[in-house]
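Peer 1: File start-v6.pdb below, PDB, C-alpha atoms:
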ATOM      1  CA  MET A 266       0.000   0.000   0.000
ATOM      2  CA  ALA A 267       1.356   3.417  -0.990
ATOM      3  CA  ARG A 268       0.773   6.847   0.484
ATOM      4  CA  ILE A 269      -0.323   9.075  -2.381
ATOM      5  CA  LEU A 270      -0.972  12.809  -2.721
ATOM      6  CA  ILE A 271      -3.119  14.104  -5.572
ATOM      7  CA  THR A 272      -3.046  17.814  -6.345
ATOM      8  CA  GLY A 273      -6.247  18.866  -8.063
ATOM      9  CA  ALA A 274      -8.121  15.896  -6.585
ATOM     10  CA  HIS A 275     -11.376  17.872  -6.612
ATOM     11  CA  GLY A 276     -11.306  18.071 -10.419
ATOM     12  CA  PHE A 277     -12.954  15.746 -12.905
ATOM     13  CA  ILE A 278      -9.952  13.469 -13.475
ATOM     14  CA  GLY A 279      -8.528  13.910  -9.985
ATOM     15  CA  ARG A 280     -11.554  12.502  -8.202
ATOM     16  CA  TYR A 281     -11.726   9.459 -10.483
ATOM     17  CA  LEU A 282      -8.019   8.880  -9.879
ATOM     18  CA  ALA A 283      -8.430   9.193  -6.113
ATOM     19  CA  LYS A 284     -11.222   6.644  -6.047
ATOM     20  CA  SER A 285      -9.336   4.219  -8.282
ATOM     21  CA  LEU A 286      -6.162   4.412  -6.198
ATOM     22  CA  ALA A 287      -8.086   4.052  -2.938
ATOM     23  CA  LEU A 288      -9.942   0.978  -4.205
ATOM     24  CA  ALA A 289      -6.527  -0.526  -4.973
ATOM     25  CA  GLY A 290      -5.686  -0.246  -1.263
ATOM     26  CA  ASN A 291      -3.671   2.980  -1.169
ATOM     27  CA  SER A 292      -3.960   5.854   1.305
ATOM     28  CA  VAL A 293      -4.859   8.898  -0.780
ATOM     29  CA  PHE A 294      -4.682  12.553   0.266
ATOM     30  CA  GLY A 295      -5.908  15.522  -1.753
ATOM     31  CA  LEU A 296      -4.871  19.161  -2.108
ATOM     32  CA  GLY A 297      -6.389  21.867  -4.286
ATOM     33  CA  HIS A 298      -9.316  24.199  -4.662
ATOM     34  CA  GLY A 299     -12.890  23.075  -4.080
ATOM     35  CA  THR A 300     -15.300  22.683  -1.194
ATOM     36  CA  TRP A 301     -15.867  19.108  -0.044
ATOM     37  CA  SER A 302     -17.347  17.799   3.171
ATOM     38  CA  PRO A 303     -15.246  15.077   4.841
ATOM     39  CA  LEU A 304     -17.927  12.529   3.910
ATOM     40  CA  HIS A 305     -17.969  13.600   0.251
ATOM     41  CA  ALA A 306     -14.169  13.450   0.089
ATOM     42  CA  GLN A 307     -14.239   9.961   1.592
ATOM     43  CA  ARG A 308     -16.745   8.835  -1.021
ATOM     44  CA  TRP A 309     -14.136   9.700  -3.652
ATOM     45  CA  GLY A 310     -11.480   7.702  -1.802
ATOM     46  CA  LEU A 311      -9.662  10.474   0.067
ATOM     47  CA  VAL A 312      -8.365  10.002   3.594
ATOM     48  CA  SER A 313      -8.097  13.785   3.812
ATOM     49  CA  TRP A 314      -8.962  16.762   1.607
ATOM     50  CA  HIS A 315      -7.167  20.104   2.035
ATOM     51  CA  ASN A 316      -8.936  22.997   0.303
ATOM     52  CA  GLY A 317      -6.109  25.366  -0.579
ATOM     53  CA  GLY A 318      -3.451  26.315  -3.082
ATOM     54  CA  VAL A 319      -0.597  24.040  -4.068
ATOM     55  CA  ASP A 320       2.174  25.813  -2.192
ATOM     56  CA  ILE A 321       4.962  24.856   0.187
ATOM     57  CA  PRO A 322       3.097  25.782   3.426
ATOM     58  CA  ASN A 323       0.095  23.611   2.515
ATOM     59  CA  LEU A 324       2.305  20.755   1.353
ATOM     60  CA  ARG A 325       4.262  20.909   4.605
ATOM     61  CA  LEU A 326       1.032  20.902   6.595
ATOM     62  CA  ILE A 327      -0.130  17.705   4.890
ATOM     63  CA  GLN A 328       3.290  16.143   5.437
ATOM     64  CA  GLN A 329       3.218  17.038   9.141
ATOM     65  CA  GLN A 330      -0.242  15.535   9.552
ATOM     66  CA  PHE A 331       0.151  12.356   7.519
ATOM     67  CA  GLY A 332       3.854  11.830   6.871
ATOM     68  CA  THR A 333       5.847  11.821   3.647
ATOM     69  CA  VAL A 334       4.033  10.387   0.642
ATOM     70  CA  ASP A 335       5.447   7.819  -1.751
ATOM     71  CA  ILE A 336       3.857   9.215  -4.916
ATOM     72  CA  VAL A 337       2.508  12.608  -5.979
ATOM     73  CA  TYR A 338       0.072  12.944  -8.871
ATOM     74  CA  HIS A 339       0.113  16.559 -10.021
ATOM     75  CA  LEU A 340      -3.184  17.395 -11.715
ATOM     76  CA  ALA A 341      -3.658  20.895 -10.314
ATOM     77  CA  GLY A 342      -3.581  23.607 -12.956
ATOM     78  CA  GLY A 343      -5.571  25.144 -15.750
ATOM     79  CA  SER A 344      -7.980  22.759 -17.450
ATOM     80  CA  SER A 345      -9.454  24.751 -20.334
ATOM     81  CA  VAL A 346      -7.965  26.211 -23.514
ATOM     82  CA  GLY A 347     -10.749  28.798 -23.663
ATOM     83  CA  ALA A 348     -10.286  29.876 -20.051
ATOM     84  CA  ALA A 349      -6.534  30.211 -20.603
ATOM     85  CA  ILE A 350      -7.093  32.430 -23.638
ATOM     86  CA  ALA A 351      -9.555  34.586 -21.689
ATOM     87  CA  ASN A 352      -7.299  34.889 -18.630
ATOM     88  CA  PRO A 353      -3.723  33.781 -19.360
ATOM     89  CA  ARG A 354      -2.321  35.224 -16.140
ATOM     90  CA  GLU A 355      -4.664  33.123 -14.017
ATOM     91  CA  ASP A 356      -3.927  30.007 -16.060
ATOM     92  CA  PHE A 357      -0.179  30.612 -15.664
ATOM     93  CA  HIS A 358      -0.598  30.892 -11.916
ATOM     94  CA  ARG A 359      -2.688  27.731 -11.704
ATOM     95  CA  THR A 360      -0.366  25.638 -13.865
ATOM     96  CA  VAL A 361       3.144  27.052 -13.582
ATOM     97  CA  SER A 362       3.207  28.589 -10.104
ATOM     98  CA  SER A 363       1.700  25.485  -8.518
ATOM     99  CA  THR A 364       4.302  23.319 -10.250
ATOM    100  CA  ILE A 365       7.324  25.274  -9.037
ATOM    101  CA  GLU A 366       5.932  25.209  -5.485
ATOM    102  CA  LEU A 367       5.449  21.446  -5.681
ATOM    103  CA  LEU A 368       8.907  20.825  -7.138
ATOM    104  CA  GLU A 369      10.569  22.976  -4.480
ATOM    105  CA  TRP A 370       8.733  21.096  -1.745
ATOM    106  CA  LEU A 371       9.816  17.783  -3.248
ATOM    107  CA  ARG A 372      13.414  18.995  -3.480
ATOM    108  CA  LEU A 373      13.479  20.241   0.104
ATOM    109  CA  GLU A 374      11.159  17.884   1.964
ATOM    110  CA  ALA A 375      10.440  14.740  -0.065
ATOM    111  CA  PRO A 376      13.233  14.074  -2.582
ATOM    112  CA  LYS A 377      12.603  10.315  -2.627
ATOM    113  CA  SER A 378       8.935  10.634  -3.587
ATOM    114  CA  SER A 379       7.925   9.906  -7.181
ATOM    115  CA  LEU A 380       6.071  12.534  -9.211
ATOM    116  CA  VAL A 381       3.570  11.850 -11.971
ATOM    117  CA  ALA A 382       3.156  15.205 -13.730
ATOM    118  CA  VAL A 383      -0.075  15.211 -15.719
ATOM    119  CA  SER A 384       0.268  17.338 -18.847
ATOM    120  CA  SER A 385      -1.655  17.700 -22.095
ATOM    121  CA  ALA A 386      -1.415  16.935 -25.796
ATOM    122  CA  ALA A 387      -1.893  20.691 -26.233
ATOM    123  CA  VAL A 388       1.903  20.982 -25.971
ATOM    124  CA  TYR A 389       2.141  19.424 -29.456
ATOM    125  CA  GLY A 390       0.214  22.255 -31.084
ATOM    126  CA  ALA A 391      -1.040  22.194 -34.666
ATOM    127  CA  GLY A 392       0.168  20.865 -38.002
ATOM    128  CA  HIS A 393       0.248  17.154 -37.160
ATOM    129  CA  ILE A 394      -1.008  14.412 -39.456
ATOM    130  CA  GLY A 395      -1.679  10.992 -37.965
ATOM    131  CA  GLN A 396      -0.258   9.785 -34.685
ATOM    132  CA  ILE A 397       2.042  12.030 -32.656
ATOM    133  CA  ALA A 398       5.068  10.434 -30.999
ATOM    134  CA  GLU A 399       6.288  11.578 -27.605
ATOM    135  CA  THR A 400       9.513  12.633 -29.335
ATOM    136  CA  ALA A 401       7.688  15.181 -31.525
ATOM    137  CA  LYS A 402       8.910  18.710 -30.877
ATOM    138  CA  PRO A 403       6.451  20.646 -28.702
ATOM    139  CA  ASN A 404       4.902  23.527 -30.594
ATOM    140  CA  PRO A 405       2.024  24.884 -28.493
ATOM    141  CA  PHE A 406      -0.022  27.725 -29.920
ATOM    142  CA  SER A 407      -2.386  28.487 -27.064
ATOM    143  CA  PRO A 408      -1.590  29.911 -23.607
ATOM    144  CA  TYR A 409      -2.895  26.658 -22.159
ATOM    145  CA  GLY A 410      -0.431  24.590 -24.191
ATOM    146  CA  HIS A 411       2.471  26.945 -23.491
ATOM    147  CA  HIS A 412       1.852  26.772 -19.753
ATOM    148  CA  LYS A 413       1.718  22.964 -19.813
ATOM    149  CA  HIS A 414       4.995  22.973 -21.734
ATOM    150  CA  ILE A 415       6.573  25.242 -19.118
ATOM    151  CA  MET A 416       5.331  22.853 -16.436
ATOM    152  CA  GLU A 417       7.029  19.954 -18.201
ATOM    153  CA  SER A 418      10.255  21.951 -18.608
ATOM    154  CA  LEU A 419      10.330  22.737 -14.897
ATOM    155  CA  CYS A 420       9.942  19.056 -14.075
ATOM    156  CA  ILE A 421      12.781  18.128 -16.418
ATOM    157  CA  SER A 422      14.967  20.877 -14.947
ATOM    158  CA  TYR A 423      14.473  19.583 -11.408
ATOM    159  CA  CYS A 424      15.245  16.054 -12.528
ATOM    160  CA  GLU A 425      18.487  17.146 -14.151
ATOM    161  CA  SER A 426      19.569  19.418 -11.304
ATOM    162  CA  TYR A 427      18.294  17.566  -8.227
ATOM    163  CA  GLU A 428      17.622  14.004  -9.435
ATOM    164  CA  LEU A 429      13.942  14.047  -8.599
ATOM    165  CA  LYS A 430      11.998  11.062  -9.920
ATOM    166  CA  VAL A 431       9.407  12.181 -12.472
ATOM    167  CA  VAL A 432       7.288  10.773 -15.276
ATOM    168  CA  ILE A 433       5.143  13.012 -17.497
ATOM    169  CA  GLY A 434       1.788  11.799 -18.803
ATOM    170  CA  ARG A 435       0.261  13.724 -21.699
ATOM    171  CA  LEU A 436      -3.516  13.447 -21.791
ATOM    172  CA  PHE A 437      -5.589  13.706 -24.944
ATOM    173  CA  SER A 438      -9.391  14.200 -25.113
ATOM    174  CA  VAL A 439     -10.661  12.831 -21.808
ATOM    175  CA  TYR A 440     -14.405  12.389 -21.373
ATOM    176  CA  GLY A 441     -16.740  10.710 -18.918
ATOM    177  CA  GLU A 442     -19.643  11.031 -16.546
ATOM    178  CA  GLY A 443     -19.232  14.093 -14.350
ATOM    179  CA  LEU A 444     -17.510  16.302 -16.946
ATOM    180  CA  ARG A 445     -19.491  19.532 -17.033
ATOM    181  CA  LYS A 446     -17.731  21.353 -19.870
ATOM    182  CA  GLN A 447     -16.322  20.833 -23.356
ATOM    183  CA  LEU A 448     -17.914  19.145 -26.359
ATOM    184  CA  LEU A 449     -20.070  16.425 -24.791
ATOM    185  CA  TRP A 450     -21.541  18.787 -22.214
ATOM    186  CA  ASP A 451     -22.179  21.484 -24.828
ATOM    187  CA  VAL A 452     -23.954  19.086 -27.190
ATOM    188  CA  CYS A 453     -26.156  17.609 -24.464
ATOM    189  CA  SER A 454     -26.981  21.104 -23.208
ATOM    190  CA  GLN A 455     -28.160  22.074 -26.692
ATOM    191  CA  LEU A 456     -30.159  18.871 -27.127
ATOM    192  CA  GLU A 457     -31.893  19.499 -23.833
ATOM    193  CA  VAL A 458     -33.159  22.889 -25.047
ATOM    194  CA  HIS A 459     -33.765  22.379 -28.783
ATOM    195  CA  PRO A 460     -33.188  18.808 -30.021
ATOM    196  CA  GLU A 461     -34.303  19.731 -33.523
ATOM    197  CA  ARG A 462     -31.040  21.518 -34.362
ATOM    198  CA  LEU A 463     -27.430  21.539 -33.213
ATOM    199  CA  LEU A 464     -25.117  24.455 -34.024
ATOM    200  CA  LEU A 465     -21.453  24.029 -33.165
ATOM    201  CA  GLY A 466     -18.185  25.797 -33.836
ATOM    202  CA  GLY A 467     -15.427  24.466 -36.057
ATOM    203  CA  SER A 468     -15.801  22.241 -39.112
ATOM    204  CA  GLY A 469     -16.662  18.939 -37.463
ATOM    205  CA  ASN A 470     -13.638  17.374 -39.145
ATOM    206  CA  GLU A 471     -11.286  18.014 -36.231
ATOM    207  CA  LEU A 472      -9.702  14.724 -35.161
ATOM    208  CA  ARG A 473      -9.235  13.833 -31.517
ATOM    209  CA  ASP A 474      -8.069  10.827 -29.535
ATOM    210  CA  TRP A 475     -11.037  10.254 -27.206
ATOM    211  CA  THR A 476     -10.180   8.558 -23.917
ATOM    212  CA  ALA A 477     -12.602   7.470 -21.192
ATOM    213  CA  VAL A 478     -11.673   8.834 -17.778
ATOM    214  CA  THR A 479     -12.002   5.379 -16.219
ATOM    215  CA  ASP A 480      -9.311   4.109 -18.583
ATOM    216  CA  VAL A 481      -7.169   7.219 -18.175
ATOM    217  CA  VAL A 482      -6.900   6.813 -14.407
ATOM    218  CA  ARG A 483      -5.880   3.179 -14.863
ATOM    219  CA  ALA A 484      -3.106   4.361 -17.161
ATOM    220  CA  LEU A 485      -1.982   7.018 -14.686
ATOM    221  CA  SER A 486      -1.976   4.405 -11.928
ATOM    222  CA  LEU A 487       0.391   2.339 -14.048
ATOM    223  CA  ILE A 488       2.949   4.864 -15.254
ATOM    224  CA  HIS A 489       4.199   5.930 -11.804
ATOM    225  CA  THR A 490       6.625   2.992 -12.008
ATOM    226  CA  GLU A 491       8.410   4.849 -14.834
ATOM    227  CA  ALA A 492       9.320   7.869 -12.679
ATOM    228  CA  ASN A 493      13.077   8.437 -12.591
ATOM    229  CA  PRO A 494      15.680  11.251 -12.798
ATOM    230  CA  SER A 495      15.742  10.858 -16.591
ATOM    231  CA  PRO A 496      12.066  11.706 -17.044
ATOM    232  CA  LYS A 497      10.051   9.835 -19.603
ATOM    233  CA  VAL A 498       7.081  11.354 -21.451
ATOM    234  CA  ILE A 499       4.197   8.958 -22.073
ATOM    235  CA  ASN A 500       1.152   9.660 -24.234
ATOM    236  CA  ILE A 501      -2.097   8.626 -22.551
ATOM    237  CA  GLY A 502      -4.013   8.023 -25.754
ATOM    238  CA  THR A 503      -5.533   5.179 -27.746
ATOM    239  CA  GLY A 504      -3.856   5.894 -31.076
ATOM    240  CA  ARG A 505      -7.264   6.160 -32.745
ATOM    241  CA  GLY A 506      -8.705   9.401 -34.073
ATOM    242  CA  THR A 507     -12.428  10.157 -34.277
ATOM    243  CA  ASN A 508     -13.704  13.397 -35.744
ATOM    244  CA  VAL A 509     -15.949  15.778 -33.861
ATOM    245  CA  ARG A 510     -18.889  15.208 -36.215
ATOM    246  CA  ALA A 511     -18.915  11.478 -35.421
ATOM    247  CA  ILE A 512     -18.902  12.257 -31.705
ATOM    248  CA  VAL A 513     -21.807  14.677 -32.063
ATOM    249  CA  GLU A 514     -23.764  12.148 -34.127
ATOM    250  CA  GLY A 515     -23.088   9.476 -31.519
ATOM    251  CA  ILE A 516     -24.405  11.706 -28.750
ATOM    252  CA  ALA A 517     -27.479  12.617 -30.798
ATOM    253  CA  GLN A 518     -28.197   8.949 -31.470
ATOM    254  CA  ALA A 519     -27.839   8.128 -27.791
ATOM    255  CA  TRP A 520     -30.250  10.962 -27.056
ATOM    256  CA  ALA A 521     -32.733   9.145 -29.317
ATOM    257  CA  VAL A 522     -33.253  11.985 -31.753
ATOM    258  CA  ASP A 523     -35.050  10.145 -34.540
ATOM    259  CA  ALA A 524     -34.566  12.275 -37.620
ATOM    260  CA  ASN A 525     -32.013  13.061 -40.302
ATOM    261  CA  LEU A 526     -28.900  13.753 -38.259
ATOM    262  CA  GLU A 527     -27.093  15.410 -41.138
ATOM    263  CA  ALA A 528     -29.850  18.002 -41.383
ATOM    264  CA  ARG A 529     -29.859  18.649 -37.654
ATOM    265  CA  ILE A 530     -26.136  19.110 -37.067
ATOM    266  CA  GLU A 531     -24.499  22.297 -38.328
ATOM    267  CA  PHE A 532     -20.946  23.528 -37.905
ATOM    268  CA  SER A 533     -19.997  27.172 -38.231
ATOM    269  CA  GLY A 534     -16.831  26.414 -40.184
ATOM    270  CA  LYS A 535     -14.946  28.877 -37.996
ATOM    271  CA  ALA A 536     -12.005  27.339 -36.162
ATOM    272  CA  ARG A 537     -11.993  27.890 -32.429
ATOM    273  CA  ALA A 538      -9.028  29.784 -30.983
ATOM    274  CA  GLY A 539      -6.257  27.443 -29.867
ATOM    275  CA  ASP A 540      -7.923  24.426 -31.504
ATOM    276  CA  PRO A 541      -5.601  22.192 -33.616
ATOM    277  CA  GLN A 542      -6.963  20.174 -36.522
ATOM    278  CA  SER A 543      -5.631  16.837 -35.293
ATOM    279  CA  LEU A 544      -4.346  15.445 -31.977
ATOM    280  CA  ILE A 545      -3.905  11.664 -31.981
ATOM    281  CA  ALA A 546      -1.477   9.795 -29.754
ATOM    282  CA  GLN A 547       1.178   7.345 -30.729
ATOM    283  CA  SER A 548       0.559   4.865 -27.935
ATOM    284  CA  GLU A 549       3.348   2.273 -28.143
ATOM    285  CA  GLN A 550       5.036   3.325 -24.886
ATOM    286  CA  LEU A 551       1.851   2.892 -22.885
ATOM    287  CA  ALA A 552       1.096  -0.434 -24.573
ATOM    288  CA  ALA A 553       4.621  -1.635 -23.758
ATOM    289  CA  LEU A 554       3.736  -1.303 -20.071
ATOM    290  CA  GLY A 555       0.942  -3.811 -20.607
ATOM    291  CA  PHE A 556      -1.889  -1.292 -20.698
ATOM    292  CA  GLU A 557      -5.059  -2.045 -22.668
ATOM    293  CA  TRP A 558      -7.937   0.331 -23.343
ATOM    294  CA  GLN A 559     -11.289  -1.092 -22.270
ATOM    295  CA  LYS A 560     -14.107   1.410 -22.766
ATOM    296  CA  ASP A 561     -15.804   1.391 -26.168
ATOM    297  CA  LEU A 562     -16.239   4.967 -27.399
ATOM    298  CA  MET A 563     -19.901   4.736 -28.404
ATOM    299  CA  GLU A 564     -20.708   2.913 -25.181
ATOM    300  CA  GLY A 565     -18.976   5.719 -23.326
ATOM    301  CA  LEU A 566     -21.006   8.369 -25.151
ATOM    302  CA  SER A 567     -24.237   6.547 -24.299
ATOM    303  CA  GLY A 568     -23.206   6.406 -20.659
ATOM    304  CA  TYR A 569     -22.485  10.124 -20.673
ATOM    305  CA  VAL A 570     -25.918  10.892 -22.121
ATOM    306  CA  ARG A 571     -27.609   8.740 -19.464
ATOM    307  CA  TRP A 572     -25.676  10.569 -16.763
ATOM    308  CA  PHE A 573     -26.524  13.996 -18.213
ATOM    309  CA  ARG A 574     -30.221  13.108 -18.400
ATOM    310  CA  SER A 575     -30.233  11.886 -14.812
ATOM    311  CA  GLU A 576     -28.556  15.085 -13.658
ATOM    312  CA  SER A 577     -30.896  17.386 -15.551
ATOM    313  CA  GLY A 578     -34.107  15.389 -15.115
ATOM    314  CA  VAL A 579     -34.691  14.936 -18.860
ATOM    315  CA  ARG A 580     -37.050  12.049 -19.548
ATOM    316  CA  SER A 581     -35.718   9.039 -21.460
TER     317      SER A 581
END
Please go through the file and, once you have read it, give me the structure as structure tokens.

Peer 2:
Amino acid sequence: MARILITGAHGFIGRYLAKSLALAGNSVFGLGHGTWSPLHAQRWGLVSWHNGGVDIPNLRLIQQQFGTVDIVYHLAGGSSVGAAIANPREDFHRTVSSTIELLEWLRLEAPKSSLVAVSSAAVYGAGHIGQIAETAKPNPFSPYGHHKHIMESLCISYCESYELKVVIGRLFSVYGEGLRKQLLWDVCSQLEVHPERLLLGGSGNELRDWTAVTDVVRALSLIHTEANPSPKVINIGTGRGTNVRAIVEGIAQAWAVDANLEARIEFSGKARAGDPQSLIAQSEQLAALGFEWQKDLMEGLSGYVRWFRSESGVRS
């Protein structure tokens, strides 16, 4: 059994990760922003939840209360390209400032702990065709992607200078029940109001590597064994691309809209700011660790629709 700290445990991915790690028999502690009652935190697998910024004083407080952890999963930070474009200073603070505080604490107080730094495929930027290898040169073109790249660079710097043990996981398009933003949420929100017509930004041809959160947290649980002073970057993606139009059609079908889907779904044709045409993982490194993806995409979309309906009270 390991003692594990998750920064950003209140977030969509963080809470799934906490529950998964706790069910595996680990003691899991959480730090980040968000109001949780002790009972609610326990339901998501946390021994303790500390509502506060990721900084050295808060990290020391957790260490004093519960001892030094074996593994840190760093998920705290900005989580939206759009929000980063609207407020880059805040996104920088959330992503970069929290990372330097965490790395300094590890250097000073917990140098033997392993760090899983959770980054994003946004660091790759635009202009890619087909699968993207971890060795591809980062070329972010949104504040969100730039800040994630800075986070990665800080981790690498601390490995080289202080021999911290780090592995970097780059996430692609994560979805699942409980996600209250991004494409799936937006489509369901439109269907709830006017199911006769969907109007979305972009062309619909944008390719993404869609990954179920339940699979993603299994992958993150696995890659901590790769943490070392020569940090490895691992794509957390399936290697399969599905365009946005197919996702929207899948959601509409799950919603049981029984008409000509082509006529109902419209795209503006205007690319969204910071939105690359294609982001698909090359997934050989993850597969080499023995990882297998389990959740079928269309099954996952149907599950999301059922969850959304139950949350909003829409009749089946």

Peer 1: Skip Ile499 in chain A itself and residues of its chain fewer than 6 positions away, then list as a ChimeraX atom specification all residues within 7 Å of it, counting only C-alpha atoms.

Peer 2: /A:399,433-435,550-551

Peer 1: Run the PyMOL selection byres ((chain A and resi 449) around 8) against the file shown and list the residues it catches, as an MDAnalysis selection string.

Peer 2: chainID A and resid 440 446:448 450:453 513 516 569

Peer 1: Evaluating the PyMOL selection byres ((chain A and resi 324) around 10) on the displayed file yields which residues, as a list of chain:residue names?

Peer 2: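 Listing what the PyMOL selection byres ((chain A and resi 324) around 10) selects in the shown file: A:Leu270, A:Thr272, A:Leu296, A:His315, A:Gly317, A:Gly318, A:Val319, A:Asp320, A:Ile321, A:Pro322, A:Asn323, A:Arg325, A:Leu326, A:Ile327, A:Gln328, A:Gln329, A:Thr333, A:Glu366, A:Leu367, A:Trp370, A:Leu371, A:Glu374.
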
Peer 1: Could you check how far CA of Glu557 in chain A sits from CA of Asn291 in chain A, in Å to one decimal?

Peer 2: 22.1 Å

Peer 1: When the PyMOL selection byres ((chain A and resi 410) around 8) is applied to the file above, which residues end up in the set, as a VMD selection string?

Peer 2: chain A and resid 346 385 to 390 405 to 409 411 to 414

Peer 1: Could you tell me, as a ChimeraX atom specification, which residues have any atom at most 7 Å from (-22.9, 21.1, -35.3), counting all atoms listed in the file?

Peer 2: /A:463-466,469,530-532

Peer 1: Which distance in Å separates CA of Phe331 in chain A and CA of Trp314 in chain A, to one decimal?

Peer 2: 11.7 Å

Peer 1: List the neighbours of Trp558 in chain A out to 9 Å using all atoms listed in the file; skip same-chain residues closer than 5 positions along the sequence, and give me the result as a list in words.

Peer 2: Thr476, Ala477, Asp480, Val481, Ala484, Gly502 and Thr503 of chain A

Peer 1: Any chance you could export the current selection's C-alpha atoms as a PDB file, in the frame of the given file?

Peer 2:
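The result, written out as part-v5.pdb:
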ATOM      1  CA  THR A 476     -10.180   8.558 -23.917  1.00  0.00           C
ATOM      2  CA  ALA A 477     -12.602   7.470 -21.192  1.00  0.00           C
ATOM      3  CA  ASP A 480      -9.311   4.109 -18.583  1.00  0.00           C
ATOM      4  CA  VAL A 481      -7.169   7.219 -18.175  1.00  0.00           C
ATOM      5  CA  ALA A 484      -3.106   4.361 -17.161  1.00  0.00           C
ATOM      6  CA  GLY A 502      -4.013   8.023 -25.754  1.00  0.00           C
ATOM      7  CA  THR A 503      -5.533   5.179 -27.746  1.00  0.00           C
TER       8      THR A 503
END

Peer 1: May I ask for the distance between CA of Phe437 in chain A and CA of Val458 in chain A, given in Å to one decimal place?

Peer 2: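 Computing it gives 29.1 Å between the two atoms.
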
Peer 1: Give me, as a list in words, all polymer residues having an atom no more than 8 Å from Gly392 in chain A, counting all atoms listed in the file and skipping those fewer than 6 positions away in the same chain.

Peer 2: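 Close residues of Gly392 in chain A: Pro541, Gln542 and Ser543 of chain A.
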
Peer 1: Taking all atoms listed in the file into account, which of A:Leu456, A:Ala341, A:Leu554, A:Ala267 comes nearest Phe573 in chain A?

Peer 2: A:Leu456

Peer 1: Report as a PyMOL selection string all protein, DNA and RNA residues lying within 12 Å of Leu282 in chain A, evaluated on all atoms listed in the file, omitting residues in the same chain fewer than 5 positions from it.

Peer 2: chain A and resi 269-277+287-289+291+293-295+309-311+337-340+383+478-487

Peer 1: From the set A:Pro353, A:Gly347, A:Gly515, A:Pro376, which residue has the shortest atom-to-atom contact distance to Arg537 in chain A, counting only C-alpha atoms?

Peer 2: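 Among the listed residues, the smallest separation from Arg537 in chain A belongs to A:Gly347.
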
Peer 1: Could you please give me, as a list of chain:residue names, the residues of protein, DNA or RNA lying at most 12 Å from (-16.4, 22.9, 2.3) in the coordinate frame of the file, considering all atoms listed in the file?

Peer 2: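 Counting all atoms listed in the file, I find these residues within 12 Å of (-16.4, 22.9, 2.3): A:His275, A:His298, A:Gly299, A:Thr300, A:Trp301, A:Ser302, A:Pro303, A:Leu304, A:His305, A:Ala306, A:Trp314, A:His315, A:Asn316, A:Gly317.
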
Peer 1: Given the selection you just returned, output its residues as a file containing C-alpha atoms, formatted as a short mmCIF file (atom, residue, chain, number, x, y, z; two decimals), in the coordinates of the input.

Peer 2:
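Below is the file that was written, selection09.cif:
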data_model
loop_
_atom_site.label_atom_id
_atom_site.label_comp_id
_atom_site.auth_asym_id
_atom_site.auth_seq_id
_atom_site.Cartn_x
_atom_site.Cartn_y
_atom_site.Cartn_z
CA HIS A 275 -11.38 17.87 -6.61
CA HIS A 298 -9.32 24.20 -4.66
CA GLY A 299 -12.89 23.08 -4.08
CA THR A 300 -15.30 22.68 -1.19
CA TRP A 301 -15.87 19.11 -0.04
CA SER A 302 -17.35 17.80 3.17
CA PRO A 303 -15.25 15.08 4.84
CA LEU A 304 -17.93 12.53 3.91
CA HIS A 305 -17.97 13.60 0.25
CA ALA A 306 -14.17 13.45 0.09
CA TRP A 314 -8.96 16.76 1.61
CA HIS A 315 -7.17 20.10 2.04
CA ASN A 316 -8.94 23.00 0.30
CA GLY A 317 -6.11 25.37 -0.58
#

Peer 1: What does range 334-357 of chain A look like written to a file with C-alpha atoms, as a PDB file, in the first residue's frame?

Peer 2:
ATOM      1  CA  VAL A 334       4.033  10.387   0.642  1.00  0.00           C
ATOM      2  CA  ASP A 335       5.447   7.819  -1.751  1.00  0.00           C
ATOM      3  CA  ILE A 336       3.857   9.215  -4.916  1.00  0.00           C
ATOM      4  CA  VAL A 337       2.508  12.608  -5.979  1.00  0.00           C
ATOM      5  CA  TYR A 338       0.072  12.944  -8.871  1.00  0.00           C
ATOM      6  CA  HIS A 339       0.113  16.559 -10.021  1.00  0.00           C
ATOM      7  CA  LEU A 340      -3.184  17.395 -11.715  1.00  0.00           C
ATOM      8  CA  ALA A 341      -3.658  20.895 -10.314  1.00  0.00           C
ATOM      9  CA  GLY A 342      -3.581  23.607 -12.956  1.00  0.00           C
ATOM     10  CA  GLY A 343      -5.571  25.144 -15.750  1.00  0.00           C
ATOM     11  CA  SER A 344      -7.980  22.759 -17.450  1.00  0.00           C
ATOM     12  CA  SER A 345      -9.454  24.751 -20.334  1.00  0.00           C
ATOM     13  CA  VAL A 346      -7.965  26.211 -23.514  1.00  0.00           C
ATOM     14  CA  GLY A 347     -10.749  28.798 -23.663  1.00  0.00           C
ATOM     15  CA  ALA A 348     -10.286  29.876 -20.051  1.00  0.00           C
ATOM     16  CA  ALA A 349      -6.534  30.211 -20.603  1.00  0.00           C
ATOM     17  CA  ILE A 350      -7.093  32.430 -23.638  1.00  0.00           C
ATOM     18  CA  ALA A 351      -9.555  34.586 -21.689  1.00  0.00           C
ATOM     19  CA  ASN A 352      -7.299  34.889 -18.630  1.00  0.00           C
ATOM     20  CA  PRO A 353      -3.723  33.781 -19.360  1.00  0.00           C
ATOM     21  CA  ARG A 354      -2.321  35.224 -16.140  1.00  0.00           C
ATOM     22  CA  GLU A 355      -4.664  33.123 -14.017  1.00  0.00           C
ATOM     23  CA  ASP A 356      -3.927  30.007 -16.060  1.00  0.00           C
ATOM     24  CA  PHE A 357      -0.179  30.612 -15.664  1.00  0.00           C
TER      25      PHE A 357
END
